[in-house]
Structures are given as structure tokens and as C-alpha cells.
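Participant: File query_14.cif follows (mmCIF, C-alpha atoms and all ligand atoms):
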```
data_my_file
loop_
_atom_site.label_atom_id
_atom_site.label_comp_id
_atom_site.auth_asym_id
_atom_site.auth_seq_id
_atom_site.Cartn_x
_atom_site.Cartn_y
_atom_site.Cartn_z
CA MET A 32 26.32 158.36 -80.90
CA LYS A 33 23.86 159.11 -83.70
CA PHE A 34 20.51 157.40 -84.26
CA ASP A 35 17.46 157.86 -86.43
CA VAL A 36 15.14 157.05 -83.52
CA LEU A 37 15.90 157.06 -79.80
CA VAL A 38 13.42 155.24 -77.56
CA VAL A 39 13.53 156.20 -73.88
CA GLY A 40 12.06 153.44 -71.71
CA ALA A 41 12.09 149.74 -72.62
CA GLY A 42 8.97 148.66 -70.73
CA LEU A 43 6.35 146.76 -72.74
CA ALA A 44 5.43 149.73 -74.98
CA GLY A 45 8.99 150.92 -75.72
CA ALA A 46 10.42 147.44 -76.30
CA ALA A 47 7.45 146.45 -78.52
CA PHE A 48 7.92 149.65 -80.57
CA ALA A 49 11.64 148.88 -81.12
CA ALA A 50 10.83 145.24 -81.98
CA ALA A 51 8.20 146.37 -84.50
CA LEU A 52 10.91 148.26 -86.41
CA ARG A 53 13.06 145.15 -86.89
CA GLY A 54 12.70 145.14 -90.67
CA SER A 55 13.25 148.87 -91.17
CA ARG A 56 16.42 150.71 -92.21
CA LEU A 57 16.21 152.97 -89.16
CA LYS A 58 19.06 152.96 -86.65
CA ILE A 59 17.47 152.74 -83.22
CA GLY A 60 18.85 153.48 -79.75
CA VAL A 61 16.98 152.29 -76.64
CA VAL A 62 17.74 153.96 -73.29
CA GLU A 63 16.53 152.12 -70.17
CA SER A 64 17.37 152.78 -66.52
CA ARG A 65 17.14 149.14 -65.32
CA PRO A 66 16.90 145.67 -66.88
CA PRO A 67 13.62 143.81 -66.28
CA ALA A 68 13.44 141.43 -63.33
CA ARG A 69 11.88 137.96 -63.62
CA PRO A 70 10.07 137.38 -60.29
CA GLN A 71 10.15 134.04 -58.49
CA GLY A 72 6.79 132.31 -58.78
CA TRP A 73 3.97 134.35 -60.32
CA ASP A 74 4.38 138.01 -61.26
CA PRO A 75 1.95 140.27 -59.36
CA ARG A 76 1.43 142.25 -62.62
CA ILE A 77 -0.88 140.15 -64.73
CA TYR A 78 -2.60 141.61 -67.79
CA ALA A 79 -5.52 140.81 -70.05
CA ILE A 80 -4.24 141.04 -73.62
CA SER A 81 -6.78 141.73 -76.36
CA GLN A 82 -7.00 139.87 -79.68
CA ALA A 83 -5.75 142.95 -81.54
CA ASN A 84 -2.56 142.80 -79.48
CA VAL A 85 -2.20 139.04 -79.77
CA ALA A 86 -2.11 139.76 -83.52
CA PHE A 87 0.45 142.58 -83.03
CA LEU A 88 2.71 140.50 -80.76
CA SER A 89 2.48 137.60 -83.24
CA GLN A 90 3.39 139.91 -86.12
CA ILE A 91 6.57 141.06 -84.32
CA GLY A 92 7.52 137.48 -83.42
CA ILE A 93 6.86 137.58 -79.65
CA TRP A 94 3.60 135.71 -79.08
CA GLN A 95 4.82 132.43 -80.65
CA HIS A 96 7.66 132.18 -78.09
CA LEU A 97 5.67 132.77 -74.90
CA ASP A 98 5.40 129.88 -72.45
CA ARG A 99 1.81 128.59 -72.88
CA SER A 100 1.88 126.88 -69.49
CA ARG A 101 1.88 130.37 -67.90
CA MET A 102 -1.05 131.78 -69.90
CA ALA A 103 -4.83 131.33 -69.72
CA PRO A 104 -7.49 132.14 -72.33
CA VAL A 105 -10.70 133.92 -71.30
CA TYR A 106 -13.70 132.22 -72.90
CA ASP A 107 -16.42 133.83 -70.79
CA MET A 108 -16.89 136.89 -68.66
CA GLU A 109 -19.40 137.62 -65.90
CA ILE A 110 -19.96 141.23 -64.80
CA HIS A 111 -22.03 141.87 -61.69
CA GLY A 112 -23.56 145.21 -60.67
CA ASP A 113 -23.96 146.28 -57.07
CA SER A 114 -27.68 145.46 -56.78
CA GLY A 115 -28.62 142.56 -58.99
CA GLY A 116 -27.39 143.77 -62.39
CA ARG A 117 -25.56 141.20 -64.47
CA LEU A 118 -23.93 141.09 -67.90
CA ASP A 119 -22.42 137.97 -69.51
CA PHE A 120 -20.04 137.81 -72.43
CA SER A 121 -19.08 134.66 -74.25
CA ALA A 122 -16.43 134.18 -76.93
CA TYR A 123 -18.51 131.37 -78.44
CA ASP A 124 -21.62 133.59 -78.81
CA CYS A 125 -19.53 136.27 -80.51
CA GLY A 126 -17.88 133.85 -82.93
CA LEU A 127 -14.46 134.38 -81.33
CA ARG A 128 -11.91 131.80 -80.19
CA GLU A 129 -11.37 133.66 -76.94
CA LEU A 130 -12.15 137.09 -75.46
CA ALA A 131 -8.59 137.76 -74.27
CA TRP A 132 -5.47 136.07 -72.87
CA ILE A 133 -4.28 136.49 -69.30
CA LEU A 134 -0.52 136.51 -68.75
CA GLU A 135 2.31 137.99 -66.75
CA SER A 136 3.86 141.35 -67.63
CA SER A 137 7.34 139.87 -67.05
CA LEU A 138 6.68 136.97 -69.46
CA MET A 139 6.13 139.45 -72.33
CA GLN A 140 8.91 141.74 -71.11
CA HIS A 141 11.44 138.90 -71.07
CA GLU A 142 10.65 137.87 -74.65
CA LEU A 143 10.61 141.47 -75.91
CA TRP A 144 14.06 142.07 -74.41
CA ALA A 145 15.45 138.85 -75.86
CA THR A 146 14.20 140.05 -79.27
CA ILE A 147 15.54 143.61 -79.18
CA LYS A 148 18.90 142.46 -77.75
CA ARG A 149 19.56 140.42 -80.89
CA GLN A 150 18.00 142.94 -83.29
CA HIS A 151 20.63 144.16 -85.77
CA ASN A 152 19.35 147.78 -85.92
CA VAL A 153 18.95 148.30 -82.14
CA SER A 154 21.58 149.46 -79.61
CA LEU A 155 20.32 148.83 -76.08
CA LEU A 156 21.83 151.28 -73.56
CA CYS A 157 21.08 149.92 -70.06
CA PRO A 158 21.53 151.02 -67.35
CA ALA A 159 21.29 154.58 -68.66
CA GLU A 160 19.25 157.64 -67.75
CA PRO A 161 18.79 160.98 -69.46
CA ALA A 162 20.15 164.16 -67.83
CA SER A 163 19.12 166.80 -70.38
CA LEU A 164 17.22 167.12 -73.63
CA GLN A 165 17.89 169.71 -76.32
CA GLN A 166 16.31 170.16 -79.69
CA ASP A 167 17.11 172.12 -82.82
CA ALA A 168 15.73 172.14 -86.34
CA SER A 169 17.64 169.07 -87.55
CA HIS A 170 17.89 166.78 -84.50
CA ALA A 171 17.40 166.24 -80.76
CA THR A 172 20.30 165.69 -78.36
CA LEU A 173 19.91 163.59 -75.23
CA SER A 174 22.73 163.81 -72.70
CA LEU A 175 22.91 160.85 -70.33
CA LYS A 176 23.82 161.02 -66.64
CA ASP A 177 27.00 159.05 -67.41
CA GLY A 178 28.13 161.83 -69.79
CA ARG A 179 27.32 160.12 -73.12
CA GLN A 180 25.67 162.31 -75.78
CA LEU A 181 23.07 160.78 -78.07
CA GLU A 182 21.72 162.44 -81.20
CA ALA A 183 18.52 161.41 -82.95
CA ARG A 184 16.04 162.71 -85.49
CA LEU A 185 13.14 161.41 -83.39
CA ILE A 186 12.80 160.77 -79.64
CA VAL A 187 10.08 158.34 -78.58
CA ALA A 188 9.08 158.74 -74.92
CA ALA A 189 8.06 155.30 -73.59
CA ASP A 190 9.20 156.04 -70.04
CA GLY A 191 5.91 155.49 -68.25
CA ARG A 192 3.42 157.59 -66.32
CA GLU A 193 6.01 159.92 -64.75
CA SER A 194 7.80 160.31 -68.12
CA TRP A 195 11.04 162.28 -67.69
CA ILE A 196 11.07 163.10 -71.41
CA ARG A 197 7.51 164.47 -71.33
CA GLN A 198 8.42 166.71 -68.40
CA ALA A 199 11.71 167.83 -70.00
CA ALA A 200 9.76 168.79 -73.13
CA GLY A 201 7.33 170.80 -70.97
CA ILE A 202 4.23 168.90 -72.13
CA GLN A 203 1.35 169.55 -69.73
CA VAL A 204 -0.79 166.76 -68.28
CA ARG A 205 -4.25 166.81 -66.73
CA ASN A 206 -4.42 164.41 -63.79
CA THR A 207 -7.67 163.24 -62.18
CA PRO A 208 -6.78 161.14 -59.14
CA TYR A 209 -9.30 158.42 -58.29
CA ASP A 210 -8.30 158.30 -54.60
CA GLU A 211 -8.13 154.57 -55.23
CA LYS A 212 -5.39 151.98 -55.52
CA GLY A 213 -5.33 148.87 -57.66
CA VAL A 214 -4.62 146.01 -55.24
CA VAL A 215 -3.25 142.95 -57.04
CA ALA A 216 -2.57 139.43 -55.71
CA ASN A 217 -2.66 135.88 -57.07
CA PHE A 218 -4.53 132.94 -55.53
CA ARG A 219 -5.10 129.22 -55.87
CA CYS A 220 -8.87 128.51 -55.94
CA ALA A 221 -10.86 125.62 -54.47
CA LEU A 222 -13.27 125.63 -57.44
CA PRO A 223 -12.36 125.65 -61.18
CA HIS A 224 -12.73 129.01 -62.95
CA ARG A 225 -13.43 127.35 -66.34
CA ASP A 226 -11.44 130.10 -68.10
CA THR A 227 -13.97 132.72 -67.00
CA ALA A 228 -13.13 136.27 -65.89
CA PHE A 229 -15.33 137.80 -63.19
CA GLN A 230 -15.93 141.43 -62.30
CA TRP A 231 -18.00 142.90 -59.48
CA PHE A 232 -18.91 146.59 -59.25
CA ARG A 233 -19.10 146.83 -55.46
CA PRO A 234 -19.82 149.74 -53.12
CA ASP A 235 -16.15 149.45 -52.06
CA GLY A 236 -14.62 149.40 -55.54
CA VAL A 237 -14.32 147.17 -58.58
CA LEU A 238 -13.13 143.61 -57.98
CA ALA A 239 -11.89 141.38 -60.80
CA TYR A 240 -10.78 137.74 -60.87
CA LEU A 241 -8.75 136.85 -63.97
CA PRO A 242 -8.12 133.16 -64.74
CA LEU A 243 -4.59 131.74 -64.53
CA PRO A 244 -3.52 128.17 -65.39
CA ASP A 245 -3.87 125.31 -62.88
CA GLN A 246 -6.94 126.55 -61.01
CA GLN A 247 -5.28 129.82 -60.03
CA MET A 248 -6.46 133.38 -60.51
CA SER A 249 -5.17 136.94 -60.44
CA MET A 250 -7.16 139.52 -58.49
CA VAL A 251 -7.35 143.26 -59.19
CA TRP A 252 -9.38 145.20 -56.63
CA SER A 253 -9.61 148.90 -57.44
CA ALA A 254 -10.38 150.03 -53.90
CA PRO A 255 -10.58 153.38 -52.09
CA ASP A 256 -7.16 154.27 -50.63
CA ALA A 257 -7.99 153.36 -47.02
CA LEU A 258 -9.39 149.93 -47.94
CA ALA A 259 -6.48 149.27 -50.33
CA ASP A 260 -3.96 149.98 -47.56
CA GLU A 261 -5.94 147.74 -45.21
CA LEU A 262 -6.03 144.86 -47.74
CA VAL A 263 -2.29 145.02 -48.38
CA ALA A 264 -1.58 144.94 -44.62
CA LEU A 265 -3.78 141.86 -43.95
CA PRO A 266 -2.11 138.54 -43.08
CA PRO A 267 -2.50 135.95 -45.91
CA GLU A 268 -5.42 133.96 -44.40
CA ALA A 269 -7.40 137.12 -43.64
CA LEU A 270 -6.78 138.48 -47.16
CA CYS A 271 -7.94 135.18 -48.70
CA ALA A 272 -11.11 135.20 -46.61
CA ARG A 273 -11.85 138.84 -47.49
CA VAL A 274 -11.30 138.37 -51.25
CA ALA A 275 -13.28 135.11 -51.36
CA GLU A 276 -16.19 136.74 -49.53
CA ALA A 277 -16.10 139.87 -51.74
CA GLY A 278 -16.39 137.57 -54.77
CA GLY A 279 -19.35 135.70 -53.22
CA PHE A 280 -17.19 132.53 -52.90
CA ARG A 281 -17.60 132.17 -56.71
CA LEU A 282 -14.31 130.23 -56.80
CA GLY A 283 -14.62 128.81 -53.29
CA GLU A 284 -11.93 129.21 -50.64
CA LEU A 285 -8.70 130.88 -51.76
CA GLU A 286 -5.02 130.34 -50.97
CA LEU A 287 -2.56 133.20 -51.50
CA ILE A 288 0.29 132.45 -53.97
CA THR A 289 1.63 136.00 -54.58
CA PRO A 290 1.56 138.69 -51.87
CA ALA A 291 -0.68 141.72 -52.40
CA ALA A 292 0.74 144.92 -53.90
CA ALA A 293 -1.03 148.24 -54.51
CA PHE A 294 -0.71 150.79 -57.33
CA PRO A 295 -2.20 154.32 -57.08
CA LEU A 296 -4.77 154.96 -59.82
CA ARG A 297 -5.41 158.11 -61.81
CA LEU A 298 -6.74 159.29 -65.11
CA MET A 299 -4.00 161.13 -66.98
CA ARG A 300 -4.55 163.01 -70.21
CA VAL A 301 -1.75 164.83 -72.02
CA ASN A 302 -2.22 168.05 -73.97
CA GLU A 303 0.09 166.97 -76.81
CA VAL A 304 1.12 163.48 -77.89
CA VAL A 305 3.60 164.72 -80.51
CA ARG A 306 5.91 167.67 -81.03
CA PRO A 307 8.57 168.17 -83.71
CA ARG A 308 11.09 165.31 -83.17
CA LEU A 309 9.10 163.88 -80.23
CA ALA A 310 6.30 161.30 -79.83
CA LEU A 311 4.82 159.85 -76.63
CA ILE A 312 3.64 156.22 -76.44
CA GLY A 313 2.23 153.95 -73.72
CA ASP A 314 1.70 155.27 -70.20
CA ALA A 315 3.82 158.34 -71.05
CA ALA A 316 0.90 159.34 -73.29
CA HIS A 317 -2.11 158.24 -71.18
CA ALA A 318 -3.15 156.53 -67.96
CA ILE A 319 -6.57 154.99 -67.44
CA HIS A 320 -8.48 153.18 -64.72
CA PRO A 321 -7.63 149.44 -64.87
CA LEU A 322 -11.28 148.33 -64.73
CA SER A 323 -11.32 147.58 -68.47
CA GLY A 324 -7.80 146.04 -68.37
CA HIS A 325 -6.73 148.18 -71.32
CA GLY A 326 -3.61 150.12 -70.18
CA ILE A 327 -0.93 148.20 -72.03
CA ASN A 328 -3.36 147.29 -74.78
CA LEU A 329 -3.47 150.99 -75.64
CA GLY A 330 0.33 151.17 -75.30
CA TYR A 331 0.89 148.25 -77.69
CA GLN A 332 -1.42 149.85 -80.26
CA ASP A 333 0.51 153.14 -79.92
CA ALA A 334 3.72 151.18 -80.59
CA ARG A 335 2.19 149.36 -83.57
CA THR A 336 0.74 152.53 -85.13
CA LEU A 337 3.87 154.68 -84.75
CA ALA A 338 6.15 151.88 -85.98
CA ALA A 339 3.88 151.40 -89.03
CA GLN A 340 4.27 155.14 -89.85
CA LEU A 341 8.06 154.86 -89.74
CA ALA A 342 8.82 151.34 -90.97
CA ASP A 343 8.95 151.96 -94.73
CA LEU A 344 10.09 155.58 -94.83
CA PRO A 345 12.21 156.41 -97.85
CA ASP A 346 15.77 157.57 -97.01
CA TRP A 347 14.99 161.21 -97.76
CA ARG A 348 12.07 161.35 -95.28
CA ASP A 349 12.82 162.66 -91.80
CA PRO A 350 11.28 160.38 -89.07
CA GLY A 351 10.97 163.44 -86.80
CA ASP A 352 8.82 165.33 -89.32
CA LEU A 353 5.79 166.73 -87.49
CA SER A 354 3.32 165.93 -90.28
CA LEU A 355 4.26 162.25 -90.00
CA LEU A 356 3.97 162.32 -86.22
CA ARG A 357 0.61 164.09 -86.40
CA ALA A 358 -0.75 161.22 -88.48
CA TYR A 359 0.21 158.89 -85.60
CA ALA A 360 -1.46 161.19 -83.05
CA ARG A 361 -4.67 161.37 -85.13
CA ALA A 362 -4.76 157.60 -85.58
CA ARG A 363 -4.57 157.00 -81.82
CA ALA A 364 -6.78 159.84 -80.57
CA GLU A 365 -10.16 158.13 -80.89
CA GLU A 366 -9.46 154.84 -79.15
CA THR A 367 -7.50 156.51 -76.36
CA ALA A 368 -10.22 159.11 -75.65
CA LEU A 369 -12.99 156.48 -75.88
CA LEU A 370 -11.34 154.23 -73.29
CA GLN A 371 -10.42 157.14 -71.02
CA TYR A 372 -14.00 158.43 -70.98
CA THR A 373 -15.65 155.00 -70.77
CA THR A 374 -13.55 153.74 -67.86
CA HIS A 375 -13.83 157.11 -66.11
CA GLY A 376 -17.60 157.18 -66.64
CA LEU A 377 -18.07 153.61 -65.39
CA ASN A 378 -15.96 154.34 -62.31
CA ARG A 379 -18.10 157.41 -61.54
CA LEU A 380 -21.39 155.64 -62.34
CA PHE A 381 -20.68 152.88 -59.80
CA LYS A 382 -19.46 155.18 -57.00
CA PRO A 383 -21.66 154.72 -53.91
CA ALA A 384 -22.04 158.53 -53.82
CA ASN A 385 -24.63 158.06 -56.60
CA PRO A 386 -27.42 156.04 -54.85
CA LEU A 387 -30.06 157.40 -57.26
CA LEU A 388 -28.14 155.86 -60.11
CA ALA A 389 -28.00 152.43 -58.42
CA GLY A 390 -31.25 151.19 -59.97
CA LEU A 391 -30.45 152.67 -63.36
CA ARG A 392 -26.94 151.25 -63.66
CA ASN A 393 -28.03 147.73 -62.71
CA LEU A 394 -30.99 148.01 -65.07
CA GLY A 395 -28.51 149.05 -67.77
CA LEU A 396 -26.44 145.91 -67.22
CA ASN A 397 -29.53 143.70 -67.28
CA LEU A 398 -30.93 145.37 -70.40
CA THR A 399 -27.65 145.01 -72.26
CA ASN A 400 -27.67 141.36 -71.22
CA GLN A 401 -31.10 140.92 -72.86
CA PHE A 402 -29.90 142.17 -76.26
CA PRO A 403 -27.35 139.76 -77.72
CA VAL A 404 -26.67 141.99 -80.76
CA LEU A 405 -25.68 144.96 -78.59
CA ARG A 406 -23.80 142.75 -76.13
CA ASN A 407 -21.83 140.95 -78.83
CA SER A 408 -21.05 144.25 -80.59
CA LEU A 409 -19.57 145.55 -77.34
CA VAL A 410 -17.36 142.46 -77.09
CA ARG A 411 -16.19 142.74 -80.68
CA TYR A 412 -15.29 146.41 -80.10
CA ALA A 413 -13.42 145.54 -76.89
CA VAL A 414 -11.37 142.73 -78.43
CA SER A 415 -10.65 144.10 -81.89
CA GLY A 416 -11.14 147.88 -81.73
CA HIS A 417 -14.05 147.91 -84.24
CA PHE A 418 -17.71 146.84 -84.36
C1 LIG B 501 -3.36 147.63 -60.82
C2 LIG B 501 -3.14 147.71 -62.28
C3 LIG B 501 -3.64 146.71 -63.11
C4 LIG B 501 -3.45 146.79 -64.49
N1 LIG B 501 -3.99 145.81 -65.28
C5 LIG B 501 -3.85 145.91 -66.63
C6 LIG B 501 -4.43 144.91 -67.52
O1 LIG B 501 -5.07 143.95 -67.11
N2 LIG B 501 -4.27 145.07 -68.86
C7 LIG B 501 -3.55 146.13 -69.36
O2 LIG B 501 -3.43 146.24 -70.60
N3 LIG B 501 -2.97 147.06 -68.56
C8 LIG B 501 -3.11 146.99 -67.21
N4 LIG B 501 -2.53 147.95 -66.41
C9 LIG B 501 -1.76 149.05 -67.02
C10 LIG B 501 -0.31 148.67 -67.34
O3 LIG B 501 0.36 148.32 -66.16
C11 LIG B 501 0.43 149.85 -67.99
O4 LIG B 501 -0.39 150.44 -68.97
C12 LIG B 501 1.74 149.40 -68.65
O5 LIG B 501 2.62 148.83 -67.72
C13 LIG B 501 2.45 150.61 -69.29
O6 LIG B 501 3.59 150.19 -70.00
P1 LIG B 501 4.65 151.24 -70.52
O7 LIG B 501 5.70 150.45 -71.23
O8 LIG B 501 3.98 152.34 -71.25
O9 LIG B 501 5.23 151.93 -69.20
P2 LIG B 501 6.06 151.26 -67.99
O10 LIG B 501 5.66 149.86 -67.76
O11 LIG B 501 5.94 152.22 -66.86
O12 LIG B 501 7.57 151.25 -68.56
C14 LIG B 501 8.36 152.42 -68.58
C15 LIG B 501 9.82 152.00 -68.72
O13 LIG B 501 10.63 153.18 -68.78
C16 LIG B 501 11.71 153.07 -67.88
N5 LIG B 501 12.04 154.43 -67.43
C17 LIG B 501 11.28 155.25 -66.68
N6 LIG B 501 11.91 156.42 -66.50
C18 LIG B 501 13.10 156.32 -67.14
C19 LIG B 501 14.20 157.20 -67.31
N7 LIG B 501 14.20 158.45 -66.77
N8 LIG B 501 15.27 156.77 -68.01
C20 LIG B 501 15.30 155.53 -68.56
N9 LIG B 501 14.28 154.64 -68.44
C21 LIG B 501 13.19 155.06 -67.74
C22 LIG B 501 11.21 152.19 -66.75
O14 LIG B 501 12.28 151.55 -66.07
C23 LIG B 501 10.34 151.20 -67.53
O15 LIG B 501 11.07 150.09 -67.99
C24 LIG B 501 -2.72 147.90 -65.04
C25 LIG B 501 -2.19 148.88 -64.20
C26 LIG B 501 -2.43 148.81 -62.84
C27 LIG B 501 -1.87 149.89 -61.96
#
```
Will you turn the file into C-alpha cells for me?
Ligand SMILES: Cc1cc2nc3c(=O)[nH]c(=O)nc-3n(C[C@H](O)[C@H](O)[C@H](O)COP(=O)(O)OP(=O)(O)OC[C@H]3O[C@@H](n4cnc5c(N)ncnc54)[C@H](O)[C@@H]3O)c2cc1C
Facilitator:
Amino acid sequence: MKFDVLVVGAGLAGAAFAAALRGSRLKIGVVESRPPARPQGWDPRIYAISQANVAFLSQIGIWQHLDRSRMAPVYDMEIHGDSGGRLDFSAYDCGLRELAWILESSLMQHELWATIKRQHNVSLLCPAEPASLQQDASHATLSLKDGRQLEARLIVAADGRESWIRQAAGIQVRNTPYDEKGVVANFRCALPHRDTAFQWFRPDGVLAYLPLPDQQMSMVWSAPDALADELVALPPEALCARVAEAGGFRLGELELITPAAAFPLRLMRVNEVVRPRLALIGDAAHAIHPLSGHGINLGYQDARTLAAQLADLPDWRDPGDLSLLRAYARARAEETALLQYTTHGLNRLFKPANPLLAGLRNLGLNLTNQFPVLRNSLVRYAVSGHF
């Protein structure tokens, strides 16, 4: 089978990239090892989606079809330091409708799949997994484990943090493990959250409560490995008590609605994002600490930027041309590096191993809180990608 573009991995980044090429003349193949599952009840993977990506998902026809009863806006945000520091953000003060939307990964995944399945220029190959990758001057050949041979002028690796394609291409990564896991669970709360997100920089990690509809919330606790394992092993009542106490009973007593799960955290930087006939997007290209809730937000912007480079190519232009791919890499370099260094720096700054910094970091939060211009600029950068 011959394609112009072959996308490996149809998670959120890969499926959004394929959907963003709906209007193009490119013939697209999508290779995915397993179809997405729709969990019973609430998905443990709940993400904060920025305004820039609400705009992107609207532009590709996804956002309008999402079930509003499963989504919550964030109007306010409270960030607490570990010794009295506090920073407040408000959409109203910044002239925004909301700071972000909170919704399930599977809700977006379901709609993205429904879209690419009926897209005239996409062939979805699932279940399918690559067995070998070869490249020559004019095309790349991907052999699948089931014996099929796929040819394409460009391969887009959207196959996640452990990217098979990235490894097959021999692209080096620099991993910095955090020795932490992101523990996620969903709760019903005794007190209303009023569409506010909360974050606490604690001596035992970073705890976040993200609002969900119907007085429910999603927790992400980036905790040292031993504590993360302990939290996941706790019986429901003990976990509720621990999480409510860690959040200062801000939302009162809690009731568990989705069992806890833990994901190992690391900073991952790749040496090359593009090669001739190859581009990496999403977690295949970067992994960051979840404290800023930006992982898939970066991935969606990768998908948007690369698709924009390719969408209106004239017939004579090769989509695997390195100069074209380099323009994509340049366009994404700044935001990716900024978020990697900021989240890494914040994680290090709030480690208990830095007691001398304790006063300074809490003072920093309080000072930022005193200067609305600085504070609101930070919000605008976080939600839209520019000041
Ligand atoms: C605890 C935690 C909380 C987070 N919270 C947030 C948040 O609030 N906001 C946010 O934006 N991000 C958040 N993230 C990050 C987010 O989960 C990831 O950035 C996002 O899922 C990456 O999407 P992706 O499509 O690039 O990769 P993936 O979701 O990993 O998708 C990769 C796809 O490729 C497929 N695949 C893999 N290997 C192969 C193969 N060999 N052949 C075929 N198919 C293959 C997989 O089946 C999968 O469908 C969080 C992460 C963690 C760990």
C-alpha cells in the first residue's frame, strides 16, 4: 500500500494530526496497535485543555461534538506554596471566558476516532504494529508484523513516550527520571469547587484538584515513588481521607468514584524531532512533568503545526522534504523547551531537599500575586501561548 503520509500511533496527537489533514489532497495511512477503550464511569485520565487547543479542536470539528455534561470549565485557580505562599489566577481578571477546560482523554479520543474513520483520505489500519522500518531517497517502507508492506513519503511518529519508530530510526533521547509517579483518581466532593482548580506544592509532591461536573473532581498527585505506591494500595476510605487532608479539606470530605492509578514521571528530551521522511509529534517528541497539565497540549500543537505545513502543499512538493520538516521543528522548539524547563525548574524548586529556597519560593508566589499585570501575563501565556 502506498501513502503520502503514514502516521504511527492514533492516540490524541496522532489522530488529531490525521483529522487536521481532512481537507488536504494527501493520502494518509494510520497504523495503531489497539482501538481506544471507553471506560465505564469516569476515565482516570483527565486533562486540562488550553484555549489554544480548544480553538484547534474546534477548527478540526471535534470540540463541537463533545458531550458538555462530561466537561468542566476552569474559571479560577489557586496555587499554594509549602509555607504560606499563594498565587491566584482568575479568568475574569484576565479578560478570558475560562482558563482551561477539564475533560476525559477517552472523550476526545472517541470523537477523534469517529472523525478519522469517516475521513475520505485516511485508511485506518488497526490492529497493526510495525516490524521494520527502511528508508531510501524517495520513500520510507514500513513492514507490519502481519506481513503487510506500507510505503510513504513521510512517516509521522505519534506512538507515545516509548516510540517504536523513534527507536527504529536510532534517534537518541535524554531521560531525567523524577523518581515520582503521577497518581490519578476521581472523587465526589462534599463542598462545591465553583469551577476552581487547586494546586498545592507540598513537601511530599505536587497535588492538584481539577474540577469535574456535578461536584466531582479529578486528582493528580505527583508523589515520590514510595508514597505513590502507598496511595495506590490504600483502601478507598483511607485514600479519600488522605487526599482530603492533603488538600486542607478545601472541598470537604471526599468519596472515591474512580480507583487510583499511577504513571511514572520523567523529563524526556529528544536530540532530533525531524529527519528526512520522518517527524515526531506528541509524547514521541517530548515528555514533561504533569504539574502544568501541558503534555497533550504540546502534542496537539505539534499536530496542528505539522498539519499546517503539509495541508496546502502543491502536488510537486514532497511532504518528506527535510526543509519543510525543519520549519515544523523550528516552530515547535521554543514552546516545548520553555515548558520542559519551567516544569522541571518548578519541580526542583519545590523539592524538600532545598530548605534554603523555601522562604524564597513562597515569597516568589506571594510577590507574583501582588502584581496583577505580571500574574495576568502569565495566565495569558499559559492559555494562548503568547503574552
Ligand atoms: C499523571 C499524568 C497526568 C497528565 N495530565 C495531563 C493534563 O492535565 N493535561 C495534558 O495536556 N497532559 C497531561 N498528561 C500528559 C498526557 O497524558 C500525554 O501527553 C498524552 O497522552 C500523549 O499523547 P500522545 O498521543 O502523544 O501519546 P499516547 O497517548 O501515548 O498515544 C500513543 C498511541 O500510539 C499507539 N502505539 C504505541 N506504540 C505503537 C506501535 N508500536 N504500533 C502501533 N501503535 C502504537 C498507542 O496504542 C497509542 O494509541 C498527563 C500525563 C500523566 C502521566
Participant: Of the candidates A:Ser194, A:Ser114, A:Asn152, A:Thr336, which shows the shortest atom-to-atom distance to ligand LIG 501 (chain B), using all atoms listed in the file?
Facilitator: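 Smallest distance to ligand LIG 501 (chain B) is found for A:Ser194.
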Participant: What is the CA of Ala103 (chain A) to CA of Leu322 (chain A) distance in Å?
Facilitator: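 Rounded to one decimal, the two atoms are 18.9 Å apart.
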Participant: Find the residue from A:Gly60, A:Gly92, A:Ala316, A:Trp132 that sits nearest to Ile186 (chain A); use all atoms listed in the file when measuring.
Facilitator: A:Gly60
Participant: Taking only C-alpha atoms into account, which of A:Leu258, A:Leu309, A:Leu134, A:Leu238 comes nearest Arg184 (chain A)?
Facilitator: A:Leu309
Participant: Measure the distance from CA of Val85 (chain A) to CA of Ile59 (chain A) in Å and round it to one decimal.
Facilitator: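 The value is 24.2 Å.
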Participant: Let me have the centre and edge lengths of the axis-aligned box enclosing all listed atoms of region 199-216 of chain A with 8 Å padding on every side, in Å to one decimal, as lines of an AutoDock Vina configuration file.
Facilitator:
```
center_x = 1.2
center_y = 155.1
center_z = -63.9
size_x = 37.0
size_y = 47.4
size_z = 34.5
```
Participant: Go through region 265-298 of chain A and flag each residue having an atom no more than 10 Å from region 228-236 of chain A; for those, report the closest pair of atoms plus their distance in Å to one decimal, using all atoms listed in the file, ordered by chain and rising number, as CSV.
Facilitator:
```
residue,atom,partner,partner_atom,distance
A:Ala277,CA,A:Arg233,CA,8.4
A:Gly278,CA,A:Trp231,CA,7.3
A:Gly279,CA,A:Trp231,CA,9.6
A:Arg281,CA,A:Phe229,CA,8.9
A:Leu282,CA,A:Phe229,CA,10.0
```
Participant: Once you have the residues from the selection above, write them out as an mmCIF file, in the coordinates of the input, restricted to C-alpha atoms.
Facilitator:
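Everything below was put into result10.cif:
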```cif
data_model
loop_
_atom_site.group_PDB
_atom_site.id
_atom_site.type_symbol
_atom_site.label_atom_id
_atom_site.label_comp_id
_atom_site.auth_asym_id
_atom_site.auth_seq_id
_atom_site.Cartn_x
_atom_site.Cartn_y
_atom_site.Cartn_z
ATOM 1 C CA ALA A 277 -16.100 139.870 -51.740
ATOM 2 C CA GLY A 278 -16.390 137.570 -54.770
ATOM 3 C CA GLY A 279 -19.350 135.700 -53.220
ATOM 4 C CA ARG A 281 -17.600 132.170 -56.710
ATOM 5 C CA LEU A 282 -14.310 130.230 -56.800
#
```
